[in-house]
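So the structure is just underneath, and the comments pick up after that.
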Amino acid sequence: MYLDLLNKDEQKDFLELARYSMGLNGEYKEEEEEVLLGYKNECQLVDYTAFRQDEIKNIIKNLIASSKKVKKIIIVELFGILLADGEVCDKESEFINMLSNEFRVKEYEVSRIRRWVEAMNDIVQEGYELISR
């Protein structure tokens with residue numbers, strides 16, 4: 001939704017974080033894969049394949065230098081992929097908390113972001129239900 005506001009390096013780093021976060025629960029779910037494909041399309045990086053999964057700490061360090069706006073966009077979009085299956089497991093929650101601490105995004109802001117993403121997901125689902133009747 002907002003990934004076009006990131007530069008290409010930030011977009012690639014985001015796609016690495018997204019792929020990494022998808023696997024935190026031990027599996028890559030179909031719903032998450034669909035969201036990731038949407039993110040790749042939005043970034044115009046459809047053929048991008050995550051290859052720096054063992055460098056996540058370095059990727060996070062790179063992103064710390066980004067603007068506050070970029071950091072919040074990353075958290076919004078990560079919640080989008082983590083909530084694709086309707087839940088955020090403990091490991092995913094721990095990752096988001098660690099990332100928000102590194103990004104210096106306050107806990108109440110992260111809570112607001114999560115609630116907003118959940119509400120947006122509900123609205124999109126409701127829209128599909130309305131047009132499918």
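Numbering starts fresh at 1 for the residues of each chain in the structure tokens, the chains themselves are lettered A, B, ... in the order given, and ligands are numbered from 1 as they appear.
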Checklist entry - What lies within 12 Å of stretch 122-129 of chain A using only C-alpha atoms, ignoring chain neighbours under 4 positions off, as a list in words? => result Gly80, Leu83, Ala84, Gly86, Arg115, Trp116, Val117, Glu118 and Arg133 of chain A
Keeping only C-alpha atoms, write the selected residues as a PDB file, in the first residue's frame.
ATOM      1  CA  GLY A  80      -0.119  -6.908   6.587  1.00  0.00           C
ATOM      2  CA  LEU A  83      -1.952 -10.979   9.741  1.00  0.00           C
ATOM      3  CA  ALA A  84      -2.670 -12.568   6.349  1.00  0.00           C
ATOM      4  CA  GLY A  86      -5.544 -14.106  10.769  1.00  0.00           C
ATOM      5  CA  ARG A 115      -5.354  -2.266  14.968  1.00  0.00           C
ATOM      6  CA  TRP A 116      -5.454  -0.268  11.752  1.00  0.00           C
ATOM      7  CA  VAL A 117      -4.156  -3.184   9.667  1.00  0.00           C
ATOM      8  CA  GLU A 118      -6.672  -5.533  11.302  1.00  0.00           C
ATOM      9  CA  ARG A 133     -23.541 -12.020  -3.045  1.00  0.00           C
TER      10      ARG A 133
END
Checklist entry - If you count only C-alpha atoms, which residues fall within 10 Å of A:Gly23, apart from same-chain ones fewer than 6 positions away, as JSON, numbers by chain? => result {"A": [29, 32, 82, 91, 92]}
Checklist entry - Could you state the separation of atom CA of A:Asp54 and atom CA of A:Leu15 in Å, given to one decimal place? => result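 Distance between the two atoms: 13.6 Å.
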Item to check | Selected residue, from A:Leu5, A:Val88, A:Glu77, A:Met98, that lies nearest to A:Ile113 when counting only C-alpha atoms | outcome: A:Glu77
Checklist entry - Nearest to A:Leu45: which of A:Asp85, A:Glu109, A:Glu31, A:Asp13 is it, counting only C-alpha atoms? => result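 Closest residue, counting only C-alpha atoms: A:Asp13.
Residues within 12 Å of stretch 65-67 of chain A, counting only C-alpha atoms and excluding same-chain residues fewer than 5 positions away, are Leu5, Leu6, Asn7, Asp9, Glu10, Gln11, Asp13, Phe14, Asn58, Ile59, Ile60, Lys72, Ile73, Ile74, Glu102, Phe103, Arg104 and Val105 of chain A.
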Next on the checklist: Measuring between only C-alpha atoms, which one of A:Ser21, A:Asn121, A:Asn41, A:Asn62 shows the shortest distance to A:Cys89?
Outcome noted: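 Of all the options, A:Ser21 lies closest to A:Cys89.
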Item to check | Straight-line distance linking atom CA of A:Lys40 with atom CA of A:Lys69, stated in Å to one decimal | outcome: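 Separating atom CA of A:Lys40 from atom CA of A:Lys69 is a distance of 19.9 Å.
One finds atom CA of A:Tyr39 at 20.2 Å from atom CA of A:Lys68.
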